[in-house]
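As stored in run-v7.cif (mmCIF, C-alpha atoms):
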data_final
#
loop_
_atom_site.label_atom_id
_atom_site.label_comp_id
_atom_site.auth_asym_id
_atom_site.auth_seq_id
_atom_site.Cartn_x
_atom_site.Cartn_y
_atom_site.Cartn_z
CA MET A 1 202.27 -203.58 -75.85
CA VAL A 2 205.15 -204.61 -73.68
CA ALA A 3 207.35 -201.70 -72.74
CA GLY A 4 210.24 -201.02 -70.43
CA GLY A 5 213.91 -200.20 -70.36
CA PHE A 6 216.64 -201.94 -72.27
CA GLY A 7 217.28 -205.51 -71.15
CA VAL A 8 214.35 -205.61 -68.75
CA GLY A 9 212.94 -208.75 -70.31
CA LYS A 10 210.40 -207.53 -72.86
CA THR A 11 211.26 -210.16 -75.44
CA THR A 12 211.46 -212.83 -72.75
CA PHE A 13 208.00 -211.85 -71.61
CA VAL A 14 206.63 -211.94 -75.14
CA GLY A 15 208.33 -215.26 -75.82
CA SER A 16 207.02 -216.95 -72.71
CA VAL A 17 203.36 -216.54 -73.65
CA SER A 18 203.57 -216.38 -77.42
CA GLU A 19 202.60 -219.42 -79.47
CA ILE A 20 205.35 -218.62 -81.94
CA ASN A 21 208.96 -217.77 -81.30
CA PRO A 22 209.13 -214.01 -81.08
CA LEU A 23 209.55 -212.48 -84.50
CA ARG A 24 211.34 -209.30 -85.31
CA THR A 25 210.05 -206.62 -87.60
CA GLU A 26 212.11 -203.64 -88.60
CA ALA A 27 211.20 -200.17 -89.61
CA VAL A 28 213.58 -197.99 -91.55
CA MET A 29 213.63 -194.23 -91.36
CA THR A 30 215.98 -191.35 -91.51
CA SER A 31 217.44 -190.45 -88.19
CA ALA A 32 216.67 -186.79 -88.73
CA SER A 33 213.03 -187.00 -89.57
CA ALA A 34 211.67 -190.31 -88.55
CA GLY A 35 208.64 -191.39 -90.48
CA ILE A 36 208.15 -188.10 -92.25
CA ASP A 37 210.64 -187.84 -95.04
CA ASP A 38 210.33 -189.53 -98.34
CA LEU A 39 213.58 -191.46 -98.47
CA SER A 40 213.45 -191.96 -102.18
CA GLN A 41 214.28 -188.33 -102.83
CA VAL A 42 217.15 -188.07 -100.40
CA SER A 43 220.35 -190.00 -100.50
CA GLY A 44 222.60 -188.21 -98.07
CA LYS A 45 220.69 -188.93 -94.90
CA THR A 46 221.53 -191.62 -92.46
CA THR A 47 218.90 -194.25 -92.10
CA THR A 48 218.11 -195.93 -88.84
CA THR A 49 216.53 -199.26 -88.29
CA VAL A 50 214.25 -199.79 -85.36
CA ALA A 51 213.65 -203.39 -84.41
CA MET A 52 210.58 -204.58 -82.63
CA ASP A 53 209.96 -208.08 -81.34
CA PHE A 54 206.49 -209.49 -81.19
CA GLY A 55 204.57 -212.65 -80.51
CA ARG A 56 201.10 -213.94 -81.09
CA ILE A 57 198.45 -215.78 -79.11
CA THR A 58 195.47 -217.28 -80.87
CA LEU A 59 192.64 -216.89 -78.41
CA ASP A 60 189.82 -218.08 -80.59
CA GLN A 61 189.23 -219.04 -84.18
CA ASP A 62 188.77 -215.43 -85.11
CA LEU A 63 190.66 -213.71 -82.35
CA ILE A 64 194.41 -213.27 -82.34
CA LEU A 65 196.26 -211.27 -79.76
CA TYR A 66 199.60 -209.75 -80.75
CA LEU A 67 202.17 -208.77 -78.19
CA PHE A 68 204.57 -206.08 -79.30
CA GLY A 69 207.74 -205.38 -77.40
CA THR A 70 208.32 -201.68 -77.93
CA PRO A 71 211.64 -200.38 -79.11
CA GLY A 72 213.37 -199.10 -76.00
CA GLN A 73 214.85 -195.83 -77.15
CA ASP A 74 212.76 -192.75 -76.48
CA ARG A 75 213.47 -191.26 -79.86
CA PHE A 76 211.34 -193.95 -81.43
CA TRP A 77 208.14 -192.69 -79.87
CA PHE A 78 206.52 -192.57 -83.24
CA MET A 79 206.62 -196.36 -83.35
CA TRP A 80 204.77 -196.37 -80.08
CA ASP A 81 202.15 -194.03 -81.46
CA ASP A 82 201.63 -196.52 -84.23
CA LEU A 83 201.18 -199.34 -81.74
CA VAL A 84 198.95 -197.49 -79.30
CA ARG A 85 196.21 -197.20 -81.91
CA GLY A 86 194.11 -200.29 -81.51
CA ALA A 87 196.11 -201.57 -78.54
CA ILE A 88 194.36 -203.00 -75.53
CA GLY A 89 196.95 -201.77 -73.12
CA ALA A 90 200.56 -201.94 -72.05
CA VAL A 91 202.63 -203.90 -69.62
CA VAL A 92 205.50 -201.76 -68.37
CA LEU A 93 208.18 -204.17 -67.24
CA VAL A 94 210.36 -202.86 -64.47
CA ASP A 95 213.66 -204.04 -63.12
CA THR A 96 213.61 -202.56 -59.64
CA ARG A 97 217.38 -202.33 -59.63
CA ARG A 98 217.08 -199.86 -62.49
CA LEU A 99 213.83 -198.17 -61.72
CA ALA A 100 214.58 -195.03 -63.70
CA ASP A 101 214.63 -197.01 -66.95
CA CYS A 102 210.88 -197.29 -66.92
CA PHE A 103 210.16 -193.57 -66.41
CA PRO A 104 209.82 -192.75 -70.11
CA ALA A 105 207.38 -195.60 -70.68
CA VAL A 106 205.27 -194.68 -67.66
CA ASP A 107 205.19 -191.04 -68.74
CA TYR A 108 204.27 -192.02 -72.24
CA PHE A 109 201.33 -194.21 -71.27
CA GLU A 110 200.07 -191.74 -68.69
CA ASN A 111 199.99 -189.12 -71.43
CA SER A 112 198.52 -191.32 -74.11
CA GLY A 113 195.71 -192.58 -71.91
CA LEU A 114 196.38 -196.22 -72.81
CA PRO A 115 195.62 -198.46 -69.82
CA PHE A 116 198.80 -199.93 -68.40
CA VAL A 117 200.02 -202.06 -65.55
CA ILE A 118 203.45 -202.08 -64.00
CA ALA A 119 205.00 -205.50 -63.73
CA LEU A 120 208.06 -205.93 -61.55
CA ASN A 121 210.20 -208.50 -63.27
CA GLY A 122 212.04 -210.37 -60.55
CA PHE A 123 215.45 -211.29 -61.81
CA ASP A 124 216.50 -214.67 -60.42
CA GLY A 125 213.34 -214.64 -58.41
CA HIS A 126 214.45 -211.66 -56.35
CA GLN A 127 211.92 -208.95 -55.67
CA PRO A 128 213.80 -206.52 -53.46
CA TYR A 129 211.02 -203.93 -53.40
CA SER A 130 207.34 -204.27 -52.72
CA PRO A 131 204.77 -202.92 -55.17
CA ASP A 132 203.89 -200.24 -52.64
CA GLU A 133 207.45 -199.02 -52.46
CA VAL A 134 207.63 -198.90 -56.24
CA ARG A 135 204.30 -197.10 -56.42
CA GLU A 136 205.63 -194.43 -54.15
CA ALA A 137 208.95 -194.17 -55.95
CA LEU A 138 207.25 -193.87 -59.33
CA GLN A 139 204.45 -191.63 -58.08
CA ILE A 140 201.87 -193.90 -59.62
CA GLY A 141 198.23 -193.36 -58.81
CA PRO A 142 196.24 -196.03 -56.98
CA GLU A 143 194.22 -196.95 -60.05
CA THR A 144 197.22 -198.40 -61.89
CA PRO A 145 197.94 -202.00 -60.89
CA ILE A 146 201.47 -202.84 -59.86
CA LEU A 147 202.27 -206.52 -59.67
CA ARG A 148 205.16 -208.91 -59.47
CA THR A 149 205.92 -211.17 -62.36
CA ASP A 150 208.57 -213.42 -63.80
CA ALA A 151 208.89 -212.88 -67.51
CA ARG A 152 210.45 -216.30 -67.98
CA HIS A 153 207.37 -218.16 -66.89
CA ARG A 154 204.35 -218.51 -69.08
CA SER A 155 201.88 -218.66 -66.21
CA GLU A 156 203.24 -215.46 -64.69
CA SER A 157 203.27 -213.60 -67.98
CA LYS A 158 199.79 -214.82 -68.73
CA SER A 159 198.50 -213.66 -65.39
CA THR A 160 200.12 -210.28 -65.98
CA LEU A 161 198.22 -210.02 -69.26
CA ILE A 162 194.98 -210.98 -67.54
CA THR A 163 195.53 -208.23 -64.98
CA LEU A 164 196.11 -205.79 -67.79
CA VAL A 165 192.98 -206.71 -69.72
CA GLU A 166 190.90 -206.61 -66.53
CA HIS A 167 192.32 -203.18 -65.84
CA ALA A 168 191.59 -202.03 -69.40
CA LEU A 169 188.05 -203.33 -69.10
CA MET A 170 187.52 -201.52 -65.81
CA ALA A 171 188.89 -198.35 -67.33
CA ARG A 172 186.43 -198.62 -70.20
CA LEU A 173 183.50 -199.26 -67.93
CA ARG A 174 184.29 -196.39 -65.62
CA MET B 1 209.22 -213.32 -120.07
CA ALA B 2 210.83 -209.96 -120.24
CA ALA B 3 213.64 -209.30 -117.87
CA HIS B 4 215.53 -206.30 -116.66
CA GLN B 5 218.40 -206.90 -118.91
CA GLU B 6 216.32 -206.37 -122.01
CA VAL B 7 215.59 -202.80 -121.10
CA PRO B 8 218.19 -200.45 -122.49
CA HIS B 9 220.74 -199.20 -120.04
CA GLY B 10 219.51 -196.27 -118.09
CA GLY B 11 215.88 -197.31 -117.98
CA GLU B 12 214.46 -197.06 -114.52
CA ASP B 13 213.03 -200.52 -114.55
CA TRP B 14 214.56 -201.09 -111.16
CA ARG B 15 211.25 -199.90 -109.93
CA TYR B 16 209.91 -203.15 -111.31
CA GLY B 17 207.64 -201.28 -113.57
CA TYR B 18 204.94 -200.23 -111.22
CA GLY B 19 206.08 -196.98 -109.75
CA ARG B 20 203.80 -194.21 -110.79
CA GLN B 21 205.58 -191.47 -112.59
CA SER B 22 203.98 -188.90 -110.40
CA ASP B 23 205.88 -190.42 -107.52
CA ARG B 24 209.14 -189.34 -108.98
CA PRO B 25 209.09 -185.82 -110.25
CA GLY B 26 211.70 -185.19 -112.86
CA THR B 27 211.87 -188.76 -114.01
CA PRO B 28 211.85 -189.02 -117.77
CA PRO B 29 208.96 -190.88 -119.35
CA GLN B 30 209.26 -194.62 -119.28
CA HIS B 31 209.47 -196.74 -122.31
CA GLY B 32 207.37 -199.82 -122.48
CA THR B 33 207.29 -200.28 -118.76
CA PRO B 34 204.10 -201.97 -117.63
CA SER B 35 202.12 -199.83 -115.32
CA TRP B 36 200.96 -202.52 -113.00
CA PRO B 37 201.92 -205.97 -111.86
CA GLY B 38 200.08 -208.47 -113.89
CA ALA B 39 200.48 -206.55 -117.08
CA PRO B 40 201.95 -208.72 -119.80
CA GLY B 41 205.68 -208.79 -119.88
CA VAL B 42 206.19 -207.73 -116.32
CA PRO B 43 209.90 -207.53 -115.78
CA TYR B 44 211.77 -208.87 -112.85
CA ALA B 45 211.74 -212.64 -113.12
CA ALA B 46 215.31 -213.66 -113.54
CA PRO B 47 215.92 -215.49 -116.79
CA GLY B 48 215.86 -219.22 -116.38
CA VAL B 49 213.98 -219.16 -113.13
CA PRO B 50 210.39 -219.94 -113.94
CA PRO B 51 207.89 -218.89 -111.33
CA SER B 52 206.43 -221.80 -109.43
CA PRO B 53 203.58 -220.71 -107.24
CA GLY B 54 203.08 -223.85 -105.25
CA GLN B 55 206.65 -224.26 -104.28
CA PRO B 56 207.69 -223.17 -100.81
CA GLN B 57 210.18 -220.38 -100.67
CA PRO B 58 213.68 -221.00 -99.46
CA PRO B 59 214.41 -219.49 -96.07
CA PRO B 60 214.39 -215.73 -96.27
CA PRO B 61 217.75 -214.22 -97.06
CA PRO B 62 219.27 -211.53 -94.91
CA PRO B 63 217.43 -208.35 -95.72
CA TYR B 64 218.81 -206.63 -98.74
CA GLY B 65 222.27 -208.00 -98.28
CA ASP B 66 224.52 -209.37 -100.92
CA GLY B 67 223.54 -212.64 -102.36
CA PRO B 68 222.98 -214.56 -105.52
CA PRO B 69 221.23 -212.26 -107.94
CA GLN B 70 219.09 -215.01 -109.36
CA HIS B 71 217.11 -215.35 -106.16
CA ARG B 72 213.52 -214.84 -107.13
CA GLY B 73 212.39 -213.19 -103.99
CA ARG B 74 214.88 -210.43 -104.20
CA PRO B 75 215.79 -207.76 -106.62
CA ALA B 76 218.84 -208.39 -108.70
CA PRO B 77 221.66 -205.98 -108.04
CA GLN B 78 222.27 -204.91 -111.62
CA PRO B 79 219.17 -202.77 -111.99
CA HIS B 80 220.17 -200.80 -109.00
CA ALA B 81 223.54 -199.93 -110.42
CA GLN B 82 221.95 -198.66 -113.57
CA PRO B 83 219.75 -195.93 -112.17
CA ALA B 84 222.60 -194.86 -109.96
CA ALA B 85 224.61 -194.11 -113.02
CA ALA B 86 221.64 -192.78 -114.91
CA ARG B 87 220.66 -190.36 -112.23
CA GLY B 88 223.96 -188.64 -112.01
CA GLY B 89 225.39 -190.98 -109.42
CA ARG B 90 223.06 -189.88 -106.70
CA ALA B 91 222.90 -193.36 -105.26
CA ALA B 92 226.35 -194.29 -106.45
CA ARG B 93 227.88 -192.28 -103.66
CA SER B 94 226.81 -194.93 -101.25
CA PRO B 95 229.44 -197.54 -100.66
CA GLN B 96 226.60 -200.04 -100.44
CA SER B 97 225.54 -199.50 -103.99
CA ARG B 98 225.18 -203.22 -104.49
CA LEU B 99 222.40 -203.35 -101.94
CA VAL B 100 218.91 -202.68 -103.07
CA ARG B 101 217.29 -200.11 -100.92
CA PRO B 102 213.98 -201.11 -99.43
CA TYR B 103 212.13 -198.38 -101.18
CA ALA B 104 213.25 -199.65 -104.54
CA VAL B 105 210.91 -202.54 -103.94
CA THR B 106 208.01 -200.17 -103.48
CA GLY B 107 208.69 -198.02 -106.49
CA GLY B 108 209.93 -195.20 -104.32
CA ARG B 109 206.72 -194.93 -102.40
CA THR B 110 206.93 -194.49 -98.68
CA ARG B 111 203.25 -194.49 -97.89
CA PRO B 112 200.70 -197.21 -98.47
CA ARG B 113 197.50 -196.50 -100.31
CA TYR B 114 195.66 -196.64 -97.07
CA GLN B 115 196.54 -196.94 -93.43
CA LEU B 116 197.15 -200.49 -92.34
CA ALA B 117 197.47 -201.30 -88.69
CA ILE B 118 200.60 -203.22 -87.85
CA GLU B 119 198.40 -205.97 -86.45
CA ALA B 120 195.94 -205.94 -89.34
CA LEU B 121 195.42 -209.47 -90.60
CA VAL B 122 196.12 -210.41 -94.17
CA GLN B 123 194.61 -213.38 -95.93
CA THR B 124 195.25 -214.39 -99.50
CA THR B 125 192.07 -215.01 -101.41
CA ALA B 126 193.51 -215.28 -104.89
CA ASP B 127 193.83 -218.60 -106.63
CA PRO B 128 197.49 -219.69 -106.79
CA SER B 129 197.30 -219.60 -110.58
CA ARG B 130 196.78 -215.85 -110.44
CA LEU B 131 200.02 -215.30 -108.61
CA THR B 132 202.41 -216.17 -111.40
CA SER B 133 201.88 -212.83 -113.05
CA GLN B 134 202.62 -210.94 -109.86
CA LEU B 135 205.89 -209.40 -108.84
CA PRO B 136 208.09 -211.66 -106.74
CA GLU B 137 207.60 -209.74 -103.49
CA HIS B 138 203.88 -209.77 -104.03
CA GLN B 139 203.98 -213.49 -104.73
CA ARG B 140 205.90 -214.18 -101.56
CA ILE B 141 203.35 -212.28 -99.51
CA CYS B 142 200.46 -214.09 -101.16
CA ARG B 143 201.98 -217.49 -100.53
CA LEU B 144 202.67 -216.64 -96.92
CA CYS B 145 199.19 -215.36 -96.27
CA TYR B 146 197.19 -218.36 -97.36
CA GLU B 147 197.35 -218.81 -93.61
CA LEU B 148 196.21 -215.69 -91.81
CA LYS B 149 199.14 -213.41 -90.98
CA SER B 150 199.46 -209.93 -89.59
CA VAL B 151 201.26 -207.15 -91.42
CA ALA B 152 203.93 -207.45 -88.72
CA GLU B 153 204.41 -211.13 -89.52
CA VAL B 154 204.63 -210.42 -93.23
CA SER B 155 207.37 -207.95 -92.45
CA ALA B 156 209.23 -210.26 -90.10
CA LEU B 157 208.91 -213.52 -92.01
CA LEU B 158 209.85 -212.04 -95.36
CA THR B 159 212.46 -209.73 -93.85
CA LEU B 160 210.83 -206.68 -95.36
CA PRO B 161 210.93 -203.42 -93.46
CA LEU B 162 207.56 -202.69 -91.92
CA GLY B 163 206.84 -199.72 -94.16
CA VAL B 164 207.57 -201.77 -97.25
CA ALA B 165 205.36 -204.62 -96.09
CA ARG B 166 202.53 -202.17 -95.51
CA ILE B 167 202.79 -200.75 -99.00
CA LEU B 168 202.98 -204.12 -100.71
CA VAL B 169 200.08 -205.55 -98.71
CA ALA B 170 197.99 -202.51 -99.55
CA ASP B 171 198.84 -203.04 -103.23
CA LEU B 172 197.64 -206.61 -103.01
CA ALA B 173 194.44 -205.62 -101.28
CA GLU B 174 193.73 -203.08 -103.96
CA ALA B 175 194.39 -205.67 -106.64
CA GLY B 176 191.90 -207.95 -104.90
CA LEU B 177 194.39 -210.71 -104.16
CA VAL B 178 194.21 -210.51 -100.39
CA THR B 179 191.62 -209.43 -97.89
CA ILE B 180 192.52 -207.39 -94.88
CA HIS B 181 190.91 -207.63 -91.50
CA GLN B 182 191.54 -204.42 -89.67
CA PRO B 183 191.73 -204.87 -85.93
CA GLY B 184 188.64 -204.86 -83.80
CA GLY B 185 187.34 -201.70 -82.24
CA GLY B 186 187.86 -199.80 -85.41
CA ASP B 187 186.46 -196.33 -85.66
CA SER B 188 184.80 -196.12 -82.31
CA ALA B 189 186.64 -194.44 -79.46
CA GLY B 190 189.71 -193.54 -81.47
CA GLY B 191 190.54 -197.09 -82.45
CA GLN B 192 190.48 -198.43 -78.94
CA PRO B 193 189.04 -201.90 -78.59
CA ASP B 194 185.44 -202.02 -77.44
CA VAL B 195 184.18 -203.69 -74.31
CA THR B 196 182.97 -206.82 -76.08
CA LEU B 197 186.38 -207.36 -77.59
CA LEU B 198 188.09 -206.84 -74.26
CA GLU B 199 185.78 -209.38 -72.67
CA ARG B 200 186.54 -211.89 -75.36
CA VAL B 201 190.27 -211.36 -74.96
CA LEU B 202 189.98 -211.74 -71.23
CA SER B 203 188.06 -214.95 -71.41
CA GLY B 204 190.43 -216.26 -74.09
CA LEU B 205 193.45 -215.51 -71.91
CA ARG B 206 191.89 -217.22 -68.93
CA LYS B 207 191.30 -220.34 -70.96
CA LEU B 208 194.91 -220.58 -72.11
#
Take the structure from the file and write it as structure tokens.
Amino acid sequence: MVAGGFGVGKTTFVGSVSEINPLRTEAVMTSASAGIDDLSQVSGKTTTTVAMDFGRITLDQDLILYLFGTPGQDRFWFMWDDLVRGAIGAVVLVDTRRLADCFPAVDYFENSGLPFVIALNGFDGHQPYSPDEVREALQIGPETPILRTDARHRSESKSTLITLVEHALMARLR
Amino acid sequence: MAAHQEVPHGGEDWRYGYGRQSDRPGTPPQHGTPSWPGAPGVPYAAPGVPPSPGQPQPPPPPPYGDGPPQHRGRPAPQPHAQPAAARGGRAARSPQSRLVRPYAVTGGRTRPRYQLAIEALVQTTADPSRLTSQLPEHQRICRLCYELKSVAEVSALLTLPLGVARILVADLAEAGLVTIHQPGGGDSAGGQPDVTLLERVLSGLRKL
């Protein structure tokens, strides 16, 4: 999963490592009772569409990795719940100029127990804050990796994913 | 081939004939509606547009927007207008009554027959000749999935909402036309991938 605030570069990240152009899938639900109500019996409710971009990496003949950029809005948590099942882990992309945007994602993954790493996406190559400063600002424990990345570059995104899988593996072995 | 238009006005054939009646309490009994895709005389194919399984689909239309009604991959608008009138205008209140709601495609069902992960892989196993008797949406999925695709890709590439894609794929699996590979890890540890899988992913990523 690739999470983070609006406009932080989730789809860019997915697109830079994906072997296909990022695709978009949409889920439809009522705004009042997302995912619960049977829409066929109700006509008066407003429906909402949640869009989610994703990419794919074929790692082996029988192994395909999917990267899902999570819908940014907090009220679509249920979509995240859907994704967390079976997920390896999450990359929380952070724009250090708008640090607060990543709080919901960090909280969510801390609560769900899904391994995650925090990737500081340097816009225009600028990384005004060090990982240590961000760690302190976000109150992130030492076990969670915080690294710098550039979502536009395949090699950087790939190395972020490697860090995440290594972290997930360590978490499983602990 | 039977088509919508042959069903008397007011028939709920907009469900393409495979909605179970139990799904819609209060619906009057159907007349002559096949209970399952593949039954003889399945409605839905627009007159004059013979199904052609081997032929690639045109690019997907905008989801459920207006468009030429004869497009095979999409429901024709007329059937939608009929139930709206027949059911006391419940749907007719919507200004978008010409659009077909996603759940019309699924016969009003909002849940698949079994839980499909969004990344579950779908592969068509059925011979192309078996597809001609399927409903158009089912056919489109089958054609797409001769090459392995995830449920998410089915949704995105056919511009079907995720929930609809899940239901239709589950239908196809039950009918034995596709096989589904649920993601690795499975039941152990609450669906989290196991160590072997993580190691494979890691080594695969490093080799990229």
I need the residue set behind the PyMOL selection byres ((chain A and resi 147) around 7) for this file; please write it as an mmCIF file with C-alpha atoms, in the frame of the given file.
data_model
loop_
_atom_site.group_PDB
_atom_site.id
_atom_site.type_symbol
_atom_site.label_atom_id
_atom_site.label_comp_id
_atom_site.auth_asym_id
_atom_site.auth_seq_id
_atom_site.Cartn_x
_atom_site.Cartn_y
_atom_site.Cartn_z
ATOM 1 C CA ILE A 118 203.450 -202.080 -64.000
ATOM 2 C CA ALA A 119 205.000 -205.500 -63.730
ATOM 3 C CA LEU A 120 208.060 -205.930 -61.550
ATOM 4 C CA PRO A 131 204.770 -202.920 -55.170
ATOM 5 C CA PRO A 145 197.940 -202.000 -60.890
ATOM 6 C CA ILE A 146 201.470 -202.840 -59.860
ATOM 7 C CA ARG A 148 205.160 -208.910 -59.470
ATOM 8 C CA THR A 149 205.920 -211.170 -62.360
#
Per-residue nearest contacts of chain A to chain B (6 Å; all atoms listed in the file) as CSV:
residue,atom,partner,partner_atom,distance
A:Arg24,CA,B:Ala156,CA,5.3
A:Thr25,CA,B:Ala156,CA,4.5
A:Glu26,CA,B:Pro161,CA,5.0
A:Ala27,CA,B:Leu162,CA,5.0
A:Ser40,CA,B:Gly108,CA,5.2
A:Leu59,CA,B:Gly204,CA,4.9
A:Arg85,CA,B:Gly191,CA,5.7
A:Gly86,CA,B:Gln192,CA,4.8
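One distance worth recording is that between CA of Thr11 in chain A and CA of Ala51 in chain A, which is 11.5 Å.
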Notebook entry, point to check: Which residues match the PyMOL selection byres ((chain A and resi 104) around 10) in the file above, as a ChimeraX atom specification?
Noted result: /A:3-5,72-74,77,100-103,105-110
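Counting all atoms listed in the file and comparing A:Pro142, A:Pro115, A:Gly7, A:Gly125, the residue that lies closest to Leu169 in chain A is A:Pro115.
Put simply, CA of Leu144 in chain B is 17.1 Å away from CA of Ile64 in chain A.
The gap separating CA of Tyr66 in chain A from CA of Thr96 in chain A is 26.3 Å, in Å to one decimal.
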Check: Got a sec to resolve the PyMOL selection byres ((chain A and resi 114) around 8) on this structure and send the residues as a list in words?
Finding: Val84, Ala87, Ile88, Gly89, Ala90, Phe109, Glu110, Ser112, Gly113, Pro115 and Phe116 of chain A
